[in-house]
>>> print(open('start.pdb').read())   # PDB, C-alpha atoms, pLDDT in the B column
ATOM      1  CA  MET N 661      22.391 -73.092 -96.077  1.00 40.00           C
ATOM      2  CA  PHE N 662      26.006 -72.847 -95.004  1.00 43.00           C
ATOM      3  CA  ASP N 663      26.290 -71.026 -91.674  1.00 50.00           C
ATOM      4  CA  VAL N 664      29.649 -69.235 -91.730  1.00 49.00           C
ATOM      5  CA  SER N 665      29.410 -67.716 -88.263  1.00 56.00           C
ATOM      6  CA  LYS N 666      28.512 -71.063 -86.674  1.00 59.00           C
ATOM      7  CA  MET N 667      31.427 -72.733 -88.382  1.00 54.00           C
ATOM      8  CA  ALA N 668      33.798 -69.902 -87.454  1.00 57.00           C
ATOM      9  CA  ARG N 669      32.772 -70.360 -83.808  1.00 63.00           C
ATOM     10  CA  LYS N 670      33.408 -74.103 -84.025  1.00 60.00           C
ATOM     11  CA  LEU N 671      36.785 -73.626 -85.653  1.00 57.00           C
ATOM     12  CA  ARG N 672      37.827 -70.973 -83.144  1.00 59.00           C
ATOM     13  CA  GLN N 673      36.867 -73.465 -80.430  1.00 61.00           C
ATOM     14  CA  ARG N 674      38.950 -76.108 -82.205  1.00 56.00           C
ATOM     15  CA  LEU N 675      41.885 -73.689 -82.313  1.00 56.00           C
ATOM     16  CA  THR N 676      41.800 -73.289 -78.540  1.00 56.00           C
ATOM     17  CA  GLU N 677      42.055 -77.086 -78.211  1.00 54.00           C
ATOM     18  CA  LEU N 678      45.068 -77.436 -80.493  1.00 49.00           C
ATOM     19  CA  PRO N 679      48.502 -77.799 -78.877  1.00 48.00           C
ATOM     20  CA  LEU N 680      49.823 -74.708 -80.657  1.00 46.00           C
ATOM     21  CA  VAL N 681      53.566 -74.142 -80.469  1.00 46.00           C
ATOM     22  CA  GLY N 682      54.202 -76.250 -77.363  1.00 51.00           C
ATOM     23  CA  SER N 683      57.372 -76.365 -75.322  1.00 63.00           C
ATOM     24  CA  GLY N 684      59.271 -79.073 -77.230  1.00 79.00           C
ATOM     25  CA  ALA N 685      61.762 -81.796 -76.293  1.00 85.00           C
ATOM     26  CA  LYS N 686      65.125 -81.069 -74.680  1.00 89.00           C
ATOM     27  CA  VAL N 687      68.437 -82.346 -76.003  1.00 92.00           C
ATOM     28  CA  ALA N 688      71.652 -82.358 -73.961  1.00 92.00           C
ATOM     29  CA  LEU N 689      74.692 -81.327 -76.011  1.00 92.00           C
ATOM     30  CA  ARG N 690      78.223 -82.697 -75.569  1.00 91.00           C
ATOM     31  CA  CYS N 691      79.273 -79.366 -74.087  1.00 90.00           C
ATOM     32  CA  GLY N 692      76.692 -79.788 -71.328  1.00 91.00           C
ATOM     33  CA  ARG N 693      74.267 -77.153 -72.602  1.00 91.00           C
ATOM     34  CA  ILE N 694      70.660 -78.123 -73.192  1.00 93.00           C
ATOM     35  CA  VAL N 695      68.736 -77.016 -76.269  1.00 93.00           C
ATOM     36  CA  ARG N 696      65.036 -77.252 -76.891  1.00 92.00           C
ATOM     37  CA  VAL N 697      63.619 -78.821 -80.042  1.00 92.00           C
ATOM     38  CA  ARG N 698      60.708 -76.516 -80.665  1.00 88.00           C
ATOM     39  CA  PRO N 699      57.590 -77.444 -82.611  1.00 87.00           C
ATOM     40  CA  LEU N 700      57.630 -75.422 -85.818  1.00 90.00           C
ATOM     41  CA  ASN N 701      54.906 -73.147 -87.050  1.00 91.00           C
ATOM     42  CA  LEU N 702      53.984 -73.039 -90.737  1.00 91.00           C
ATOM     43  CA  ARG N 703      56.371 -70.211 -91.562  1.00 92.00           C
ATOM     44  CA  GLN N 704      59.311 -72.018 -89.904  1.00 93.00           C
ATOM     45  CA  ALA N 705      58.301 -75.322 -91.505  1.00 93.00           C
ATOM     46  CA  LEU N 706      58.264 -73.656 -94.935  1.00 93.00           C
ATOM     47  CA  ALA N 707      61.705 -72.192 -94.247  1.00 93.00           C
ATOM     48  CA  LEU N 708      63.002 -75.632 -93.229  1.00 93.00           C
ATOM     49  CA  ILE N 709      61.608 -77.193 -96.408  1.00 91.00           C
ATOM     50  CA  GLY N 710      63.322 -74.421 -98.393  1.00 91.00           C
ATOM     51  CA  LEU N 711      66.666 -75.158 -96.704  1.00 91.00           C
ATOM     52  CA  ALA N 712      66.310 -78.911 -97.296  1.00 88.00           C
ATOM     53  CA  ALA N 713      65.388 -78.345-100.935  1.00 88.00           C
ATOM     54  CA  GLY N 714      68.383 -76.038-101.416  1.00 88.00           C
ATOM     55  CA  LEU N 715      70.730 -78.571 -99.827  1.00 88.00           C
ATOM     56  CA  VAL N 716      69.394 -81.474-101.892  1.00 87.00           C
ATOM     57  CA  GLU N 717      69.700 -79.380-105.040  1.00 88.00           C
ATOM     58  CA  ARG N 718      73.254 -78.357-104.190  1.00 89.00           C
ATOM     59  CA  LEU N 719      74.436 -81.875-103.318  1.00 88.00           C
ATOM     60  CA  GLY N 720      72.500 -83.495-106.137  1.00 89.00           C
ATOM     61  CA  TRP N 721      69.353 -85.541-105.613  1.00 86.00           C
ATOM     62  CA  GLU N 722      70.506 -88.403-107.860  1.00 87.00           C
ATOM     63  CA  ARG N 723      73.780 -88.631-105.965  1.00 88.00           C
ATOM     64  CA  LEU N 724      72.055 -88.656-102.541  1.00 85.00           C
ATOM     65  CA  ALA N 725      69.352 -91.110-103.636  1.00 83.00           C
ATOM     66  CA  ALA N 726      72.009 -93.588-104.769  1.00 88.00           C
ATOM     67  CA  MET N 727      73.617 -93.619-101.311  1.00 86.00           C
ATOM     68  CA  GLN N 728      72.807 -95.726 -98.265  1.00 84.00           C
ATOM     69  CA  PRO N 729      70.875 -93.676 -95.642  1.00 77.00           C
ATOM     70  CA  LEU N 730      73.862 -93.488 -93.280  1.00 79.00           C
ATOM     71  CA  GLU N 731      76.175 -92.484 -96.117  1.00 85.00           C
ATOM     72  CA  ALA N 732      73.725 -89.758 -97.193  1.00 83.00           C
ATOM     73  CA  ALA N 733      73.429 -88.535 -93.586  1.00 79.00           C
ATOM     74  CA  LEU N 734      77.215 -88.287 -93.285  1.00 82.00           C
ATOM     75  CA  MET N 735      77.423 -86.500 -96.629  1.00 84.00           C
ATOM     76  CA  ILE N 736      74.828 -83.962 -95.475  1.00 83.00           C
ATOM     77  CA  LEU N 737      76.678 -83.442 -92.185  1.00 80.00           C
ATOM     78  CA  ALA N 738      80.001 -83.027 -93.992  1.00 82.00           C
ATOM     79  CA  ALA N 739      78.963 -80.902 -96.959  1.00 83.00           C
ATOM     80  CA  GLY N 740      75.719 -79.265 -95.867  1.00 82.00           C
ATOM     81  CA  GLY N 741      77.191 -77.016 -93.197  1.00 84.00           C
ATOM     82  CA  GLU N 742      75.552 -73.788 -94.301  1.00 86.00           C
ATOM     83  CA  GLU N 743      72.021 -75.100 -94.644  1.00 90.00           C
ATOM     84  CA  LEU N 744      72.409 -77.391 -91.640  1.00 91.00           C
ATOM     85  CA  ALA N 745      73.447 -74.533 -89.361  1.00 93.00           C
ATOM     86  CA  ASP N 746      70.410 -72.517 -90.441  1.00 94.00           C
ATOM     87  CA  ALA N 747      68.131 -75.541 -90.037  1.00 94.00           C
ATOM     88  CA  LEU N 748      69.463 -76.324 -86.554  1.00 95.00           C
ATOM     89  CA  ALA N 749      69.070 -72.679 -85.552  1.00 96.00           C
ATOM     90  CA  LEU N 750      65.477 -72.807 -86.793  1.00 94.00           C
ATOM     91  CA  ILE N 751      64.726 -76.057 -84.967  1.00 95.00           C
ATOM     92  CA  THR N 752      66.294 -75.052 -81.657  1.00 94.00           C
ATOM     93  CA  GLY N 753      65.533 -71.333 -81.691  1.00 93.00           C
ATOM     94  CA  GLU N 754      69.214 -70.670 -80.935  1.00 95.00           C
ATOM     95  CA  THR N 755      71.346 -68.276 -82.942  1.00 95.00           C
ATOM     96  CA  ARG N 756      73.388 -69.443 -85.931  1.00 94.00           C
ATOM     97  CA  ASP N 757      76.551 -68.437 -84.079  1.00 94.00           C
ATOM     98  CA  PHE N 758      75.581 -70.633 -81.135  1.00 95.00           C
ATOM     99  CA  VAL N 759      74.942 -73.570 -83.467  1.00 94.00           C
ATOM    100  CA  LEU N 760      78.276 -73.128 -85.227  1.00 92.00           C
ATOM    101  CA  SER N 761      80.270 -72.772 -82.022  1.00 93.00           C
ATOM    102  CA  GLU N 762      78.529 -75.231 -79.700  1.00 92.00           C
ATOM    103  CA  LEU N 763      77.087 -78.070 -81.793  1.00 92.00           C
ATOM    104  CA  GLY N 764      79.304 -80.882 -83.093  1.00 89.00           C
ATOM    105  CA  PRO N 765      78.249 -83.462 -85.693  1.00 86.00           C
ATOM    106  CA  GLU N 766      76.968 -85.800 -82.980  1.00 88.00           C
ATOM    107  CA  ASP N 767      74.881 -83.007 -81.460  1.00 92.00           C
ATOM    108  CA  ALA N 768      73.520 -82.064 -84.874  1.00 90.00           C
ATOM    109  CA  LEU N 769      72.405 -85.638 -85.471  1.00 87.00           C
ATOM    110  CA  LYS N 770      70.809 -85.849 -82.009  1.00 90.00           C
ATOM    111  CA  VAL N 771      68.837 -82.645 -82.585  1.00 92.00           C
ATOM    112  CA  LEU N 772      67.693 -83.743 -86.036  1.00 89.00           C
ATOM    113  CA  LEU N 773      66.600 -87.156 -84.739  1.00 88.00           C
ATOM    114  CA  ALA N 774      64.795 -85.572 -81.782  1.00 90.00           C
ATOM    115  CA  ALA N 775      63.017 -83.192 -84.173  1.00 90.00           C
ATOM    116  CA  TRP N 776      62.012 -86.112 -86.395  1.00 88.00           C
ATOM    117  CA  ARG N 777      60.687 -88.135 -83.426  1.00 86.00           C
ATOM    118  CA  GLN N 778      58.819 -85.134 -82.088  1.00 86.00           C
ATOM    119  CA  GLU N 779      57.087 -84.447 -85.372  1.00 86.00           C
ATOM    120  CA  PHE N 780      56.569 -87.932 -86.767  1.00 85.00           C
ATOM    121  CA  ALA N 781      56.767 -90.174 -83.646  1.00 78.00           C
ATOM    122  CA  SER N 782      57.145 -93.803 -84.704  1.00 74.00           C
ATOM    123  CA  LEU N 783      57.229 -93.158 -88.446  1.00 77.00           C
ATOM    124  CA  THR N 784      60.594 -94.174 -89.925  1.00 76.00           C
ATOM    125  CA  PRO N 785      62.128 -92.075 -92.727  1.00 71.00           C
ATOM    126  CA  ALA N 786      61.588 -95.014 -95.106  1.00 74.00           C
ATOM    127  CA  GLU N 787      57.886 -95.208 -94.173  1.00 76.00           C
ATOM    128  CA  ALA N 788      57.561 -91.452 -94.592  1.00 75.00           C
ATOM    129  CA  ALA N 789      59.147 -91.584 -98.046  1.00 72.00           C
ATOM    130  CA  SER N 790      56.861 -94.466 -98.957  1.00 74.00           C
ATOM    131  CA  ALA N 791      53.779 -92.593 -97.697  1.00 71.00           C
ATOM    132  CA  PHE N 792      54.716 -89.554 -99.796  1.00 66.00           C
ATOM    133  CA  ALA N 793      55.431 -91.648-102.854  1.00 65.00           C
ATOM    134  CA  GLY N 794      52.098 -93.419-102.569  1.00 61.00           C
ATOM    135  CA  GLY N 795      50.072 -90.381-101.494  1.00 53.00           C
ATOM    136  CA  ASN N 796      49.889 -89.627 -97.785  1.00 47.00           C
ATOM    137  CA  HIS N 797      46.500 -91.113 -97.020  1.00 47.00           C
ATOM    138  CA  ASP N 798      45.606 -93.904 -94.594  1.00 48.00           C
TER     139      ASP N 798
ATOM    140  CA  MET W 683      44.444 -90.835 -89.837  1.00 70.00           C
ATOM    141  CA  THR W 684      47.164 -91.698 -87.297  1.00 73.00           C
ATOM    142  CA  GLU W 685      49.079 -88.843 -85.675  1.00 75.00           C
ATOM    143  CA  PRO W 686      52.436 -89.446 -87.442  1.00 78.00           C
ATOM    144  CA  ARG W 687      50.661 -89.628 -90.775  1.00 81.00           C
ATOM    145  CA  ARG W 688      48.647 -86.520 -89.977  1.00 81.00           C
ATOM    146  CA  ALA W 689      51.909 -84.706 -89.258  1.00 82.00           C
ATOM    147  CA  LEU W 690      53.363 -86.042 -92.484  1.00 86.00           C
ATOM    148  CA  ALA W 691      50.282 -84.936 -94.393  1.00 87.00           C
ATOM    149  CA  GLY W 692      50.729 -81.459 -92.917  1.00 88.00           C
ATOM    150  CA  TRP W 693      54.261 -81.224 -94.276  1.00 89.00           C
ATOM    151  CA  GLY W 694      52.946 -82.550 -97.563  1.00 87.00           C
ATOM    152  CA  MET W 695      50.371 -79.764 -97.621  1.00 87.00           C
ATOM    153  CA  LEU W 696      53.199 -77.247 -97.301  1.00 87.00           C
ATOM    154  CA  LEU W 697      54.650 -78.633-100.519  1.00 84.00           C
ATOM    155  CA  ASP W 698      51.266 -78.550-102.205  1.00 81.00           C
ATOM    156  CA  GLU W 699      50.556 -75.670-104.526  1.00 77.00           C
ATOM    157  CA  SER W 700      47.049 -75.440-103.077  1.00 77.00           C
ATOM    158  CA  LEU W 701      48.441 -74.176 -99.736  1.00 82.00           C
ATOM    159  CA  PRO W 702      47.747 -70.493-100.501  1.00 82.00           C
ATOM    160  CA  ARG W 703      44.181 -71.431-101.427  1.00 79.00           C
ATOM    161  CA  LEU W 704      43.691 -73.380 -98.191  1.00 81.00           C
ATOM    162  CA  LEU W 705      45.092 -70.498 -96.144  1.00 83.00           C
ATOM    163  CA  ALA W 706      42.870 -68.097 -98.013  1.00 80.00           C
ATOM    164  CA  MET W 707      39.917 -70.361 -97.210  1.00 79.00           C
ATOM    165  CA  LEU W 708      40.861 -70.330 -93.526  1.00 79.00           C
ATOM    166  CA  ALA W 709      40.999 -66.558 -93.702  1.00 78.00           C
ATOM    167  CA  LEU W 710      37.576 -66.372 -95.283  1.00 76.00           C
ATOM    168  CA  LYS W 711      35.857 -68.959 -93.096  1.00 76.00           C
ATOM    169  CA  LEU W 712      37.697 -68.402 -89.837  1.00 75.00           C
ATOM    170  CA  GLY W 713      38.729 -64.784 -90.071  1.00 79.00           C
ATOM    171  CA  MET W 714      42.354 -65.750 -89.515  1.00 80.00           C
ATOM    172  CA  PRO W 715      44.650 -63.789 -91.852  1.00 83.00           C
ATOM    173  CA  PRO W 716      47.281 -65.909 -93.670  1.00 83.00           C
ATOM    174  CA  GLY W 717      50.089 -64.175 -91.780  1.00 85.00           C
ATOM    175  CA  GLU W 718      48.526 -65.147 -88.460  1.00 86.00           C
ATOM    176  CA  ALA W 719      47.925 -68.713 -89.690  1.00 86.00           C
ATOM    177  CA  LEU W 720      51.603 -69.033 -90.660  1.00 89.00           C
ATOM    178  CA  GLU W 721      52.655 -67.921 -87.181  1.00 89.00           C
ATOM    179  CA  ARG W 722      50.080 -69.723 -85.054  1.00 86.00           C
ATOM    180  CA  LEU W 723      49.558 -73.041 -86.821  1.00 87.00           C
ATOM    181  CA  SER W 724      51.836 -76.053 -87.145  1.00 88.00           C
ATOM    182  CA  PRO W 725      51.722 -78.412 -90.154  1.00 89.00           C
ATOM    183  CA  ARG W 726      49.645 -80.789 -88.013  1.00 86.00           C
ATOM    184  CA  ASP W 727      47.215 -77.996 -87.090  1.00 85.00           C
ATOM    185  CA  LEU W 728      46.768 -77.296 -90.790  1.00 85.00           C
ATOM    186  CA  VAL W 729      45.566 -80.854 -91.355  1.00 85.00           C
ATOM    187  CA  LEU W 730      43.238 -80.719 -88.335  1.00 82.00           C
ATOM    188  CA  LEU W 731      41.675 -77.509 -89.570  1.00 81.00           C
ATOM    189  CA  ALA W 732      41.400 -78.814 -93.126  1.00 80.00           C
ATOM    190  CA  GLU W 733      39.647 -81.896 -91.715  1.00 80.00           C
ATOM    191  CA  ALA W 734      37.366 -79.688 -89.599  1.00 76.00           C
ATOM    192  CA  LEU W 735      36.494 -77.588 -92.644  1.00 74.00           C
ATOM    193  CA  ALA W 736      35.715 -80.724 -94.655  1.00 75.00           C
ATOM    194  CA  ALA W 737      33.707 -82.269 -91.790  1.00 73.00           C
ATOM    195  CA  ASP W 738      31.611 -79.118 -91.567  1.00 67.00           C
ATOM    196  CA  GLY W 739      30.819 -79.380 -95.243  1.00 65.00           C
ATOM    197  CA  ALA W 740      32.879 -76.421 -96.328  1.00 59.00           C
ATOM    198  CA  SER W 741      33.900 -76.383 -99.934  1.00 56.00           C
ATOM    199  CA  PRO W 742      36.458 -74.065-101.474  1.00 50.00           C
ATOM    200  CA  PRO W 743      35.006 -70.652-102.262  1.00 48.00           C
ATOM    201  CA  THR W 744      33.533 -70.515-105.730  1.00 46.00           C
ATOM    202  CA  GLY W 745      34.966 -67.097-106.395  1.00 45.00           C
ATOM    203  CA  GLU W 746      38.733 -66.750-106.381  1.00 51.00           C
ATOM    204  CA  PRO W 747      39.690 -64.994-103.108  1.00 50.00           C
ATOM    205  CA  GLN W 748      42.128 -62.756-104.953  1.00 56.00           C
ATOM    206  CA  GLU W 749      42.577 -60.288-102.178  1.00 58.00           C
ATOM    207  CA  GLU W 750      43.611 -62.936 -99.616  1.00 51.00           C
ATOM    208  CA  LEU W 751      45.826 -64.705-102.130  1.00 54.00           C
ATOM    209  CA  SER W 752      47.583 -61.467-103.026  1.00 59.00           C
ATOM    210  CA  ARG W 753      48.063 -60.679 -99.352  1.00 56.00           C
ATOM    211  CA  LEU W 754      49.497 -64.139 -98.709  1.00 54.00           C
ATOM    212  CA  GLN W 755      51.812 -63.960-101.703  1.00 55.00           C
ATOM    213  CA  ALA W 756      53.056 -60.557-100.576  1.00 57.00           C
ATOM    214  CA  PHE W 757      53.636 -61.958 -97.083  1.00 53.00           C
ATOM    215  CA  LEU W 758      55.564 -64.974 -98.389  1.00 52.00           C
ATOM    216  CA  MET W 759      57.680 -62.779-100.652  1.00 53.00           C
ATOM    217  CA  GLU W 760      58.817 -60.590 -97.737  1.00 49.00           C
TER     218      GLU W 760
END
>>> encode(input="start.pdb", output="structure tokens")
Amino acid sequence: MFDVSKMARKLRQRLTELPLVGSGAKVALRCGRIVRVRPLNLRQALALIGLAAGLVERLGWERLAAMQPLEAALMILAAGGEELADALALITGETRDFVLSELGPEDALKVLLAAWRQEFASLTPAEAASAFAGGNHD
Amino acid sequence: MTEPRRALAGWGMLLDESLPRLLAMLALKLGMPPGEALERLSPRDLVLLAEALAADGASPPTGEPQEELSRLQAFLME
């Protein structure tokens, strides 16, 4: 018979071993300030997915998919200011005003790349897209 | 599963419509309310816990955990 209390104990133990909401990588901005790329919790991750979905919808998925990766990245930096500012604020934990006043395009790219590396390590965006397309199982 | 792919799977689970059901299952089996799970867990943690649940032989509750689902939906709609 399934022992709920035993399993709850084991899972609570597992929870204590998980690296929950760690400190995150640091990124030096052009202005000399340092921001932290924080690991996101589920609520923040859902918010980030919502922002990305809104941006892709606004810019047009077909249009973005037809572009080279660098071209798409530049397009997002140029035209996705609103969503990007919110996303960068979410990722760094800084205010939106700070992001808008202190982060240039180069900084934005550095933070996004640092966030990607922190979450997905060696996985390239192309590999990630391929894993999603084929089902994300090993 | 390698760590990058586990992280990727976690983000995939956030896009999956079964997320509320998984969170409700965590609430039922672990006593962690969905609101707390959303604050305390990362996408990667979600995969680890889903794997732990599966390894321990847990299967989704047979009855629909309506109360937890309603609570989660209300939380997400805030």
>>> closest_atom_pairs(input="start.pdb", of="chain W", to="chain N", cutoff="8 Å", atoms="all atoms listed in the file", output="Markdown table")
| residue | atom | partner | partner_atom | distance |
| --- | --- | --- | --- | --- |
| W:Met683 | CA | N:Asp798 | CA | 5.8 |
| W:Thr684 | CA | N:Asp798 | CA | 7.8 |
| W:Glu685 | CA | N:Phe780 | CA | 7.6 |
| W:Pro686 | CA | N:Phe780 | CA | 4.5 |
| W:Arg687 | CA | N:Asn796 | CA | 7.1 |
| W:Ala689 | CA | N:Phe780 | CA | 6.2 |
| W:Leu690 | CA | N:Phe780 | CA | 6.8 |
| W:Ala691 | CA | N:Asn796 | CA | 5.8 |
| W:Trp693 | CA | N:Ala705 | CA | 7.7 |
| W:Gly694 | CA | N:Phe792 | CA | 7.6 |
| W:Leu696 | CA | N:Leu706 | CA | 6.6 |
| W:Lys711 | CA | N:Ala668 | CA | 6.1 |
| W:Leu712 | CA | N:Ala668 | CA | 4.8 |
| W:Gly713 | CA | N:Ala668 | CA | 7.6 |
| W:Ala719 | CA | N:Leu702 | CA | 7.5 |
| W:Leu720 | CA | N:Leu702 | CA | 4.7 |
| W:Glu721 | CA | N:Asn701 | CA | 5.7 |
| W:Arg722 | CA | N:Asn701 | CA | 6.2 |
| W:Leu723 | CA | N:Asn701 | CA | 5.4 |
| W:Ser724 | CA | N:Asn701 | CA | 4.2 |
| W:Pro725 | CA | N:Leu702 | CA | 5.9 |
| W:Asp727 | CA | N:Leu678 | CA | 7.0 |
| W:Leu731 | CA | N:Leu671 | CA | 7.4 |
| W:Ala734 | CA | N:Leu671 | CA | 7.3 |
| W:Asp738 | CA | N:Met667 | CA | 7.1 |
| W:Ala740 | CA | N:Phe662 | CA | 7.9 |
>>> axis_aligned_box(input="start.pdb", around="region 764-778 of chain N", padding_each_side="6 Å", output="lines of an AutoDock Vina configuration file")
center_x = 69.1
center_y = -84.5
center_z = -83.9
size_x = 32.5
size_y = 19.3
size_z = 16.9
>>> atom_distance(input="start.pdb", atom1="CA of Thr755 (chain N)", atom2="CA of Ala733 (chain N)")
23.0 Å
>>> resolve_selection(input="start.pdb", expression="the PyMOL selection byres ((chain N and resi 738) around 12)", output="PyMOL selection string")
chain N and resi 715+719+731-737+739-745+764-766+768-769
>>> residues_around(input="start.pdb", residues="Ile694 (chain N)", least_positions_apart="6", cutoff="12 Å", atoms="all atoms listed in the file", output="PDB file with C-alpha atoms, keeping the file's coordinate frame")
ATOM      1  CA  ALA N 685      61.762 -81.796 -76.293  1.00 85.00           C
ATOM      2  CA  LYS N 686      65.125 -81.069 -74.680  1.00 89.00           C
ATOM      3  CA  VAL N 687      68.437 -82.346 -76.003  1.00 92.00           C
ATOM      4  CA  ALA N 688      71.652 -82.358 -73.961  1.00 92.00           C
ATOM      5  CA  THR N 752      66.294 -75.052 -81.657  1.00 94.00           C
ATOM      6  CA  GLU N 754      69.214 -70.670 -80.935  1.00 95.00           C
ATOM      7  CA  PHE N 758      75.581 -70.633 -81.135  1.00 95.00           C
ATOM      8  CA  GLU N 762      78.529 -75.231 -79.700  1.00 92.00           C
ATOM      9  CA  LEU N 763      77.087 -78.070 -81.793  1.00 92.00           C
ATOM     10  CA  ASP N 767      74.881 -83.007 -81.460  1.00 92.00           C
ATOM     11  CA  LYS N 770      70.809 -85.849 -82.009  1.00 90.00           C
ATOM     12  CA  VAL N 771      68.837 -82.645 -82.585  1.00 92.00           C
TER      13      VAL N 771
END
>>> atom_distance(input="start.pdb", atom1="CA of Glu718 (chain W)", atom2="CA of Leu773 (chain N)")
28.7 Å
>>> atom_distance(input="start.pdb", atom1="CA of Leu724 (chain N)", atom2="CA of Trp776 (chain N)")
19.2 Å
>>> residues_around(input="start.pdb", residues="Gly692 (chain W)", least_positions_apart="5", cutoff="7 Å", atoms="all atoms listed in the file", output="PDB file with C-alpha atoms, in the coordinates of the input")
ATOM      1  CA  PRO W 725      51.722 -78.412 -90.154  1.00 89.00           C
ATOM      2  CA  ARG W 726      49.645 -80.789 -88.013  1.00 86.00           C
ATOM      3  CA  LEU W 728      46.768 -77.296 -90.790  1.00 85.00           C
ATOM      4  CA  VAL W 729      45.566 -80.854 -91.355  1.00 85.00           C
TER       5      VAL W 729
END
>>> decode(input="start.pdb", residues="region 693-704 of chain W", atoms="N, CA and C atoms", output="CSV table (one decimal), in the first residue's frame")
chain,number,residue,atom,x,y,z
W,693,TRP,N,11.3,23.8,-18.0
W,693,TRP,CA,10.7,25.0,-18.7
W,693,TRP,C,9.6,24.4,-19.5
W,694,GLY,N,9.8,23.2,-20.1
W,694,GLY,CA,8.8,22.6,-20.9
W,694,GLY,C,7.5,22.3,-20.1
W,695,MET,N,7.8,21.8,-18.8
W,695,MET,CA,6.7,21.5,-18.0
W,695,MET,C,5.8,22.7,-17.7
W,696,LEU,N,6.5,23.9,-17.6
W,696,LEU,CA,5.7,25.2,-17.4
W,696,LEU,C,4.8,25.5,-18.6
W,697,LEU,N,5.1,25.0,-19.7
W,697,LEU,CA,4.3,25.2,-20.9
W,697,LEU,C,3.2,24.1,-21.0
W,698,ASP,N,3.4,23.1,-20.2
W,698,ASP,CA,2.5,21.9,-20.3
W,698,ASP,C,1.2,22.2,-19.6
W,699,GLU,N,0.1,21.8,-20.2
W,699,GLU,CA,-1.2,22.1,-19.5
W,699,GLU,C,-1.4,21.2,-18.3
W,700,SER,N,-0.5,20.2,-18.1
W,700,SER,CA,-0.7,19.4,-16.9
W,700,SER,C,0.0,20.0,-15.7
W,701,LEU,N,0.6,21.2,-15.8
W,701,LEU,CA,1.3,21.8,-14.7
W,701,LEU,C,0.4,22.0,-13.5
W,702,PRO,N,-0.8,22.5,-13.6
W,702,PRO,CA,-1.7,22.6,-12.4
W,702,PRO,C,-1.9,21.3,-11.7
W,703,ARG,N,-2.0,20.2,-12.6
W,703,ARG,CA,-2.3,18.9,-12.0
W,703,ARG,C,-1.0,18.4,-11.2
W,704,LEU,N,0.2,18.7,-11.8
W,704,LEU,CA,1.4,18.3,-11.1
W,704,LEU,C,1.5,19.0,-9.8
